[in-house]
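Undergrad: Handing you this structure, nothing more for now.
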Amino acid sequence: MIRGVFLLLFFQLAGEILARGLSLPAPGPVVGLGLLVAAMAGWRAFRPFDDEELASSELGRAAAGMLANLSLLFVPAGVGVVQYLGLLRAEGVALAAALIVSTFVTLIATVGAFLAVKRLIGLRREV
Amino acid sequence: MIPFRLWVYLQTTPLFWLTATLAAYIVADRIAAAAGRHPVVNPVAIAIALVGALLMLTGTDYQTYFNGAQFVHFLLGPATVALAVPLYRNLELVSRNLLPMAAALAVGAVTAIVSALVVARALGAPRAVLVSLAPKSVTAGVAMAVSETLGGAPPLTAVLVIATGILGAIMVTPLMNALKIRDYAARGFAVGLASHGIGTARAFAVDPVAGVFAGIAMGLNAVVTPALIPVLLPWLAG
């Protein structure tokens with residue numbers, strides 16, 4: 001558990017250092033994500049492991065636990081907007097309509113483009 | 001007098017509001033479970049409403065609340081790094097879907113901006129509101145920066161971003177089921193693009209492959225949308 005959490009923090013820290021040090025356009029945690037993927041690929045070449053071993057490793061369990069409760073992590077920021085709900089009073093109807101229509105249309109357009117190109121290049125549908 | 005003084009003390013400690021945040025989430029998650037994980041019963045929305053109501057009832061300001069809640073907020077960083085594990089486990093599937101992802105990213109990012117602005121403008125929203133609305137599909141930090149640079153109101157943008165996240169998380173499952181789309185890579189990519197982290201959280205709750213593709217879409221859209229908005233805005237916001 002602790003080793004898994006340590007690895008996540010360590011790679012975030014490495015990502016922050018690299019992102020700031022080299023003024024990369026990506027945020028630190030995203031750079032850390034890339035570093036961790038590269039590290040896992042490197043580690044596998046050096047000492048082979050299978051998917052099952054990765055999933056049940058300390059890192060695998062820490063990551064799965066974190067991602068299973070991802071919703072919780074948006075609560076503090078979400079609460080922050082509650083005090084600004086009054087801002088919606090001015091253009092409430094226009095904004096509500098825009099968000100509902102746009103989210104609906106965007107989901108359909110995105111999934112449509114994804115599947116259309118997938119079919120075009122002849123990939124089989126994965127379930 | 002002692003209970004009141006105790007409350008005055010507790011209310012200012014990080015411990016109280018950290019505990020309250022987790023309690024609200026557990027209650028919200030229980031409610032969602034009791035509703036059979038029905039997508040309309042969104043745990044993020046319920047937890048936000050519960051904590052928001054508690055802050056209002058107790059007259060607590062956000063800064064005091066955040067002193068405690070920051071420990072949860074902080075975990076967004078390591079959680080982003082944690083995406084590396086499912087991404088690595090599905091690397092082959094991801095690399096086989098590069099072209100579909102590129103097409104979906106281009107179409108989706110443009111659709112998200114254009115559709116929102118067309119509807120809001122038709123209903124009479126002024127320019128400053130349109131600018132605040134344009135980046136609503138990208139993650140809050142990036143969206144607020146875009147809004148600020150182009151003359152919008154970052155707090156309004158934050159409200160619209162969170163609302164878009166919750167809407168997408170609510171809509172995606174019934175919508176995709178109605179369209180009979182069973183490709184979880186495509187479903188996840190769509191919700192991550194339209195509804196950033198809150199959509200990604202929903203995707204991970206449904207299927208790990210959907211979660212991976214949602215995370216990728218969220219990351220890519222955070223790069224593409226800020227570049228597109230200055231180009232599209234002159235046509236759409238007048």
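All residue names refer to the structure tokens as shown: chains lettered A, B, ... in order, residues numbered from 1 in each chain, ligands numbered from 1 in order.
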May I have the residues of chain B within 6 Å of chain A, counting only C-alpha atoms, written as a ChimeraX atom specification?

TA: /B:44,48,52,69,72-73,77-82,84,88,100,103-104,108,111-112,115-116,119-120,123,159,182-183,186,190,201

Undergrad: Here is a test: counting only C-alpha atoms, which residue of B:Gly197, B:Leu22, B:Leu236, B:Ile170 is nearest to B:Val131?

TA: B:Leu236

Undergrad: Grab the atom CA of B:Phe71 to atom CA of B:Arg5 distance for me, in Å with one decimal place.

TA: 25.4 Å

Undergrad: Have a look at atom CA of A:Ala19 and atom CA of B:Leu98 and let me know their distance in Å, one decimal.

TA: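 If I compute the distance from atom CA of A:Ala19 to atom CA of B:Leu98, I get 24.9 Å.
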
Undergrad: Would you mind listing what lies within 8 Å of B:Pro154 as a CSV table (one decimal) with N, CA and C atoms, in the first residue's frame, with only C-alpha atoms counted and same-chain residues fewer than 3 positions away left out?

TA:
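Dumped to part-v6.csv:
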chain,number,residue,atom,x,y,z
B,132,SER,N,-17.2,32.9,-21.4
B,132,SER,CA,-17.1,32.1,-20.1
B,132,SER,C,-17.6,30.7,-20.4
B,143,ALA,N,-9.9,25.6,-18.2
B,143,ALA,CA,-11.0,26.4,-18.7
B,143,ALA,C,-11.0,27.8,-18.1
B,144,MET,N,-10.7,27.9,-16.8
B,144,MET,CA,-10.7,29.2,-16.1
B,144,MET,C,-9.6,30.1,-16.7
B,145,ALA,N,-8.5,29.5,-17.0
B,145,ALA,CA,-7.4,30.3,-17.6
B,145,ALA,C,-7.8,30.8,-19.0
B,147,SER,N,-10.9,31.3,-20.1
B,147,SER,CA,-11.9,32.3,-19.9
B,147,SER,C,-11.3,33.7,-19.5
B,148,GLU,N,-10.4,33.6,-18.6
B,148,GLU,CA,-9.7,34.9,-18.1
B,148,GLU,C,-9.0,35.6,-19.2
B,157,THR,N,-17.2,30.4,-15.4
B,157,THR,CA,-16.7,29.3,-16.1
B,157,THR,C,-16.6,28.0,-15.2
B,158,ALA,N,-16.1,28.2,-14.0
B,158,ALA,CA,-16.0,27.1,-13.1
B,158,ALA,C,-17.3,26.4,-12.8

Undergrad: Taking 2 positions as the minimum chain separation for residues in the same chain, which residues sit within 8 Å of B:Gly165 when counting only C-alpha atoms? Answer as a list in words.

TA: Ser137, Val161, Ile162, Ala163, Leu167, Gly168, Ala169, Ala194, Ser195, His196, Gly197, Ile198 and Gly199 of chain B

Undergrad: I'd like to know which residues of stretch 9-56 of chain A are alpha helix (DSSP H) (by DSSP, run on the backbone); could you write them as a tab-separated table (two decimals) with C-alpha atoms, in the first residue's frame?

TA:
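Okay, part-v7.tsv is ready:
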chain	number	residue	atom	x	y	z
A	9	LEU	CA	3.76	10.61	-5.37
A	10	PHE	CA	7.33	10.04	-6.54
A	11	PHE	CA	6.34	10.11	-10.21
A	12	GLN	CA	4.15	13.17	-9.68
A	13	LEU	CA	7.12	14.88	-8.03
A	14	ALA	CA	9.43	13.86	-10.88
A	15	GLY	CA	6.80	15.14	-13.33
A	16	GLU	CA	6.51	18.49	-11.52
A	17	ILE	CA	10.29	18.92	-11.48
A	18	LEU	CA	10.60	18.08	-15.17
A	19	ALA	CA	7.56	20.17	-16.23
A	20	ARG	CA	8.74	23.26	-14.34
A	21	GLY	CA	12.45	22.79	-14.96
A	28	GLY	CA	3.35	18.03	-13.72
A	29	PRO	CA	0.97	15.13	-12.97
A	30	VAL	CA	0.51	14.47	-16.71
A	31	VAL	CA	4.29	14.37	-17.20
A	32	GLY	CA	4.45	12.05	-14.17
A	33	LEU	CA	1.87	9.79	-15.84
A	34	GLY	CA	4.07	9.58	-18.95
A	35	LEU	CA	7.18	8.86	-16.85
A	36	LEU	CA	5.39	6.06	-14.99
A	37	VAL	CA	4.24	4.41	-18.24
A	38	ALA	CA	7.83	4.60	-19.54
A	39	ALA	CA	9.16	3.24	-16.23
A	40	MET	CA	6.76	0.28	-16.33
A	41	ALA	CA	7.81	-0.51	-19.91
A	42	GLY	CA	11.48	-0.28	-18.89
A	43	TRP	CA	10.93	-2.40	-15.77
A	44	ARG	CA	9.18	-5.11	-17.79
A	45	ALA	CA	12.12	-5.37	-20.20
A	46	PHE	CA	14.45	-5.74	-17.22
A	51	ASP	CA	-0.88	-8.15	-16.39
A	52	GLU	CA	-2.14	-10.09	-13.39
A	53	GLU	CA	1.02	-9.34	-11.39
A	54	LEU	CA	0.79	-5.64	-12.22
A	55	ALA	CA	-2.86	-5.50	-11.16
A	56	SER	CA	-2.17	-7.20	-7.82

Undergrad: Pick out the residues sitting within 12 Å of B:Leu54, and hand them over as a PyMOL selection string; count only C-alpha atoms, and ignore anything fewer than 4 positions along from it in its own chain.

TA: (chain A and resi 79+82) or (chain B and resi 11+16-17+20-21+23-24+47-50+58-62+65)

Undergrad: Work out how far atom CA of B:Ile46 is from atom CA of B:Ala125, in Å to one decimal.

TA: 28.6 Å
